[in-house]
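Novice: Let me begin by handing over the structure; questions about it come next.
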Amino acid sequence: MSSRQRAVAAVAAATAVNLPFGTIYAFSVFLKPMEEMLGIGRAQMSFVFGLATICLTAGMNLSPWLYRRLPPVAVLVLAGSGSALGLWLAASANGIAQLALGYGLMFGLGGGVGFILVQQGVNQTLATSGGLVNGFVVALYPLGAMIGAPLFGYTIAAFGLRATLAGLGATVLVACLFAAWLLQRADIRMRDPGVQAGGAIDRRWPLFARLFVVFFLAAAAGLTVMSQAAGIIQAYGGRTALALWATTLITAAIAAARIGGGWLVDRFPMPRVAAGAHLWSLAGAMLLTFWPGPLLAVPALAMIGMGYGFMSGSVAGAIARYWHRNEFGRIAGQLYIAWCVAAISLPVLAGWLFDRTDGYGAAVLVAAGGNLVGAWLALGLPRQGEAAR
């Protein structure tokens with residue numbers, strides 16, 4: 001294969017893997033039918049999703065260790081098989097323990113392993129840092145949720161929850177087998193031979209720590225919107241139909257912003273892109289604070305979510321600029337710990353504040369403060385990476 005064909009194969013493999021795994025963002029579709037099927041409460045379902053988030057991050061950090069020791073094809077087949085088995089266990093679950101094991105642990109862990117592996121494979125085929133391509137790869141998760149949410153709604157109504165979960169398991173397995181075939185056919189390696197990897201975080205700890213915090217602050221605000229958009233809009237007076245429509249729109253805006261963030265970092269210095277992402281999110285928070293209402297809540301929440309999307313796409317592109325591509329998967333996995341912490345911090349705090357104030361105004365102000373600090377810290381990032389390919 002030519003270099004271009006190998007790059008196309010790597011992106012196709014990433015698309016095949018990330019779209020079905022991205023349905024983890026559509027978990028809310030399973031809430032009510034799962035609670036009715038198993039006779040469990042919302043707190044227990046929140047535990048399952050939290051476990052899936054933690055295991056997804058653990059899989060991201062396990063992936064580099066695996067693909068450096070085993071053929072990437074074998075790792076991807078293992079991840080897909082484990083996740084599919086986990087979803088089949090969840091489909092046959094009769095209690096919270098089996099659901100947590102199948103969906104939370106096995107599906108989450110396999111998704112994290114696959115996500116970093118295909119991202120590393122994509123970067124091994126690029127002649128340049130490829131911010132736009134990396135932005136597209138990370139945008140596949142919300143795109144998967146956009147496709148999955150209405151599809152799951154239909155299949156649950158038509159065939160039932162258990163059949164839907166079993167079908168998702170089969171889809172994950174077939175997608176991973178197809179992606180593994182593409183990686184094998186394109187002979188994509190996970191690292192450049194002769195280039196020593198390891199210790200990159202230690203050598204560039206101040207950069208990593210600053211990028212970690214900047215990413216965390218954007219993700220905390222954005223994930224609060226992603227997880228509670230419908231509830232926030234309803235709290236500001238919006239009806240159910242508006243809340244559901246707006247949730248789809250906001251998810252689409254975040255996916256587009258992830259691609260846009262990668263495109264921007266190809267053309268502008270990372271400090272400006274990252275600071276701009278935070279300021280865009282801050283503007284959305286201020287819009288909602290000064291002009292609260294259901295109609296303005298939709299564009300305001302979209303702006304907050306897009307700030308996170310811009311940051312997510314630009315961070316993926318920035319890793320390829322700040323570190324050698326052999327290190328991409330390891331650095332990305334470490335940075336995505338910030339995403340995991342963000343998912344269980346401000347969204348939880350927002351729910352706690354809502355219970356005590358019967359509104360989201362305080363949570364929006366907390367998010368705005370984080371964006372302000374994030375913009376200031378972002379301006380201290382290096383303008384370009386020092387690592388040469």
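Labels used: A, B, ... for chains in the order of the structure tokens, numbers from 1 for residues in each chain, and numbers from 1 for ligands as shown.
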Excluding same-chain residues fewer than 5 positions from segment 10-15 of chain A, what lies within 10 Å of it counting only C-alpha atoms, as a PyMOL selection string?
Specialist: chain A and resi 4-5+20+114-126+133-134+136-141+144+175-183+186-188
Novice: Limited to C-alpha atoms, could you put the picked residues into a file as a PDB file, in the first residue's frame?
Specialist:
ATOM      1  CA  ARG A   4      -1.918   7.599   1.441  1.00  0.00           C
ATOM      2  CA  GLN A   5      -3.697   4.244   1.300  1.00  0.00           C
ATOM      3  CA  PRO A  20     -20.047   1.805  18.180  1.00  0.00           C
ATOM      4  CA  GLY A 114      -9.428   0.264  21.210  1.00  0.00           C
ATOM      5  CA  PHE A 115      -9.697   4.056  21.277  1.00  0.00           C
ATOM      6  CA  ILE A 116      -6.003   4.653  22.007  1.00  0.00           C
ATOM      7  CA  LEU A 117      -4.811   1.839  19.726  1.00  0.00           C
ATOM      8  CA  VAL A 118      -6.550   3.201  16.630  1.00  0.00           C
ATOM      9  CA  GLN A 119      -5.495   6.771  17.479  1.00  0.00           C
ATOM     10  CA  GLN A 120      -1.880   5.630  17.695  1.00  0.00           C
ATOM     11  CA  GLY A 121      -2.291   3.762  14.413  1.00  0.00           C
ATOM     12  CA  VAL A 122      -3.642   6.870  12.681  1.00  0.00           C
ATOM     13  CA  ASN A 123      -0.736   9.009  13.880  1.00  0.00           C
ATOM     14  CA  GLN A 124       1.786   6.430  12.701  1.00  0.00           C
ATOM     15  CA  THR A 125       0.570   6.958   9.122  1.00  0.00           C
ATOM     16  CA  LEU A 126       0.560  10.782   9.068  1.00  0.00           C
ATOM     17  CA  VAL A 133      -7.470  14.064  11.359  1.00  0.00           C
ATOM     18  CA  ASN A 134      -7.010  13.747  15.123  1.00  0.00           C
ATOM     19  CA  PHE A 136     -12.066  13.799  13.428  1.00  0.00           C
ATOM     20  CA  VAL A 137     -10.997  10.682  15.346  1.00  0.00           C
ATOM     21  CA  VAL A 138     -12.032  12.119  18.726  1.00  0.00           C
ATOM     22  CA  ALA A 139     -15.269  13.454  17.183  1.00  0.00           C
ATOM     23  CA  LEU A 140     -16.339   9.898  16.374  1.00  0.00           C
ATOM     24  CA  TYR A 141     -17.472   9.265  19.961  1.00  0.00           C
ATOM     25  CA  GLY A 144     -21.558   7.482  17.559  1.00  0.00           C
ATOM     26  CA  ALA A 175     -16.399  -3.544  13.834  1.00  0.00           C
ATOM     27  CA  CYS A 176     -13.249  -4.530  15.723  1.00  0.00           C
ATOM     28  CA  LEU A 177     -12.628  -7.550  13.494  1.00  0.00           C
ATOM     29  CA  PHE A 178     -13.017  -5.361  10.403  1.00  0.00           C
ATOM     30  CA  ALA A 179     -10.672  -2.717  11.864  1.00  0.00           C
ATOM     31  CA  ALA A 180      -8.131  -5.398  12.773  1.00  0.00           C
ATOM     32  CA  TRP A 181      -8.236  -6.654   9.171  1.00  0.00           C
ATOM     33  CA  LEU A 182      -7.583  -3.117   7.917  1.00  0.00           C
ATOM     34  CA  LEU A 183      -4.617  -2.672  10.269  1.00  0.00           C
ATOM     35  CA  ALA A 186      -2.056  -1.872   5.782  1.00  0.00           C
ATOM     36  CA  ASP A 187       0.782  -3.289   7.943  1.00  0.00           C
ATOM     37  CA  ILE A 188       0.407  -0.428  10.430  1.00  0.00           C
TER      38      ILE A 188
END
Novice: Residues near Leu51 of chain A, anyone? I mean within 10 Å using only C-alpha atoms, not counting same-chain ones fewer than 4 positions away, as a list in words.
Specialist: Met45, Ser46, Phe47, Cys55, Leu56, Thr57, Ala100, Leu101, Tyr103, Gly104, Leu105, Gly108 and Leu109 of chain A
Novice: From the options A:Gly317, A:Pro271, A:Gly370, A:Gly22, which residue's atoms come nearest to Ala145 of chain A, counting only C-alpha atoms?
Specialist: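 When distances to Ala145 of chain A are compared using only C-alpha atoms, the smallest one comes from A:Gly22.
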Novice: Please compute the atom CA of Gly148 of chain A-atom CA of Ala218 of chain A distance, one decimal, in Å.
Specialist: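 Between atom CA of Gly148 of chain A and atom CA of Ala218 of chain A the gap works out to 24.9 Å.
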Novice: Please list as a ChimeraX atom specification every residue within 12 Å of segment 39-43 of chain A, counting only C-alpha atoms and excluding residues in the same chain fewer than 2 positions away.
Specialist: /A:28,30-37,45-50,93-97,99,348
Novice: Nearest residue to Ala350 of chain A out of A:Met306, A:Leu372, A:Arg321, A:Val225, using only C-alpha atoms?
Specialist: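 Ranking A:Met306, A:Leu372, A:Arg321, A:Val225 by distance to Ala350 of chain A, first place goes to A:Val225.
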Novice: Do a neighbour search on Gly284 of chain A at 6 Å with only C-alpha atoms, toss out local chain neighbours closer than 6 positions, and write the hits as an mmCIF file with C-alpha atoms, in the first residue's frame.
Specialist:
data_model
loop_
_atom_site.group_PDB
_atom_site.id
_atom_site.type_symbol
_atom_site.label_atom_id
_atom_site.label_comp_id
_atom_site.auth_asym_id
_atom_site.auth_seq_id
_atom_site.Cartn_x
_atom_site.Cartn_y
_atom_site.Cartn_z
ATOM 1 C CA ALA A 300 -25.598 29.109 25.534
ATOM 2 C CA MET A 303 -21.343 27.296 23.270
ATOM 3 C CA ILE A 304 -20.208 25.768 26.571
#
Novice: Met311 of chain A: which residues within 8 Å, counting only C-alpha atoms, same-chain residues fewer than 6 positions away excluded, as a list of chain:residue names?
Specialist: A:Phe215, A:Ala218, A:Arg258, A:Gly261, A:Val273, A:Ala274, A:Ala277, A:His278
Novice: Take the residues that were just selected and, keeping C-alpha atoms, output them as a PDB file, in the first residue's frame.
Specialist:
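Output (part-v5.pdb):
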ATOM      1  CA  PHE A 215      -8.092  20.178  29.362  1.00  0.00           C
ATOM      2  CA  ALA A 218     -12.812  22.667  29.682  1.00  0.00           C
ATOM      3  CA  ARG A 258     -13.865  18.576  17.991  1.00  0.00           C
ATOM      4  CA  GLY A 261     -10.373  22.210  17.198  1.00  0.00           C
ATOM      5  CA  VAL A 273      -6.640  27.947  20.241  1.00  0.00           C
ATOM      6  CA  ALA A 274      -6.911  26.658  23.816  1.00  0.00           C
ATOM      7  CA  ALA A 277     -11.912  27.543  23.395  1.00  0.00           C
ATOM      8  CA  HIS A 278     -12.208  28.511  27.052  1.00  0.00           C
TER       9      HIS A 278
END
Novice: Could you tell me how far atom CA of Leu288 of chain A sits from atom CA of Ala375 of chain A, in Å to one decimal place?
Specialist: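 We find that atom CA of Ala375 of chain A and atom CA of Leu288 of chain A lie 19.1 Å from each other.
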Novice: What's around Leu349 of chain A at 10 Å? Count only C-alpha atoms, leave out sequence neighbours fewer than 5 positions away in its own chain, and write the answer as a list in words.
Specialist: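 Final neighbour list, sorted by chain and number: Thr224, Ile344, Phe354, Asp355, Ala362, Ala363 and Val366 of chain A.
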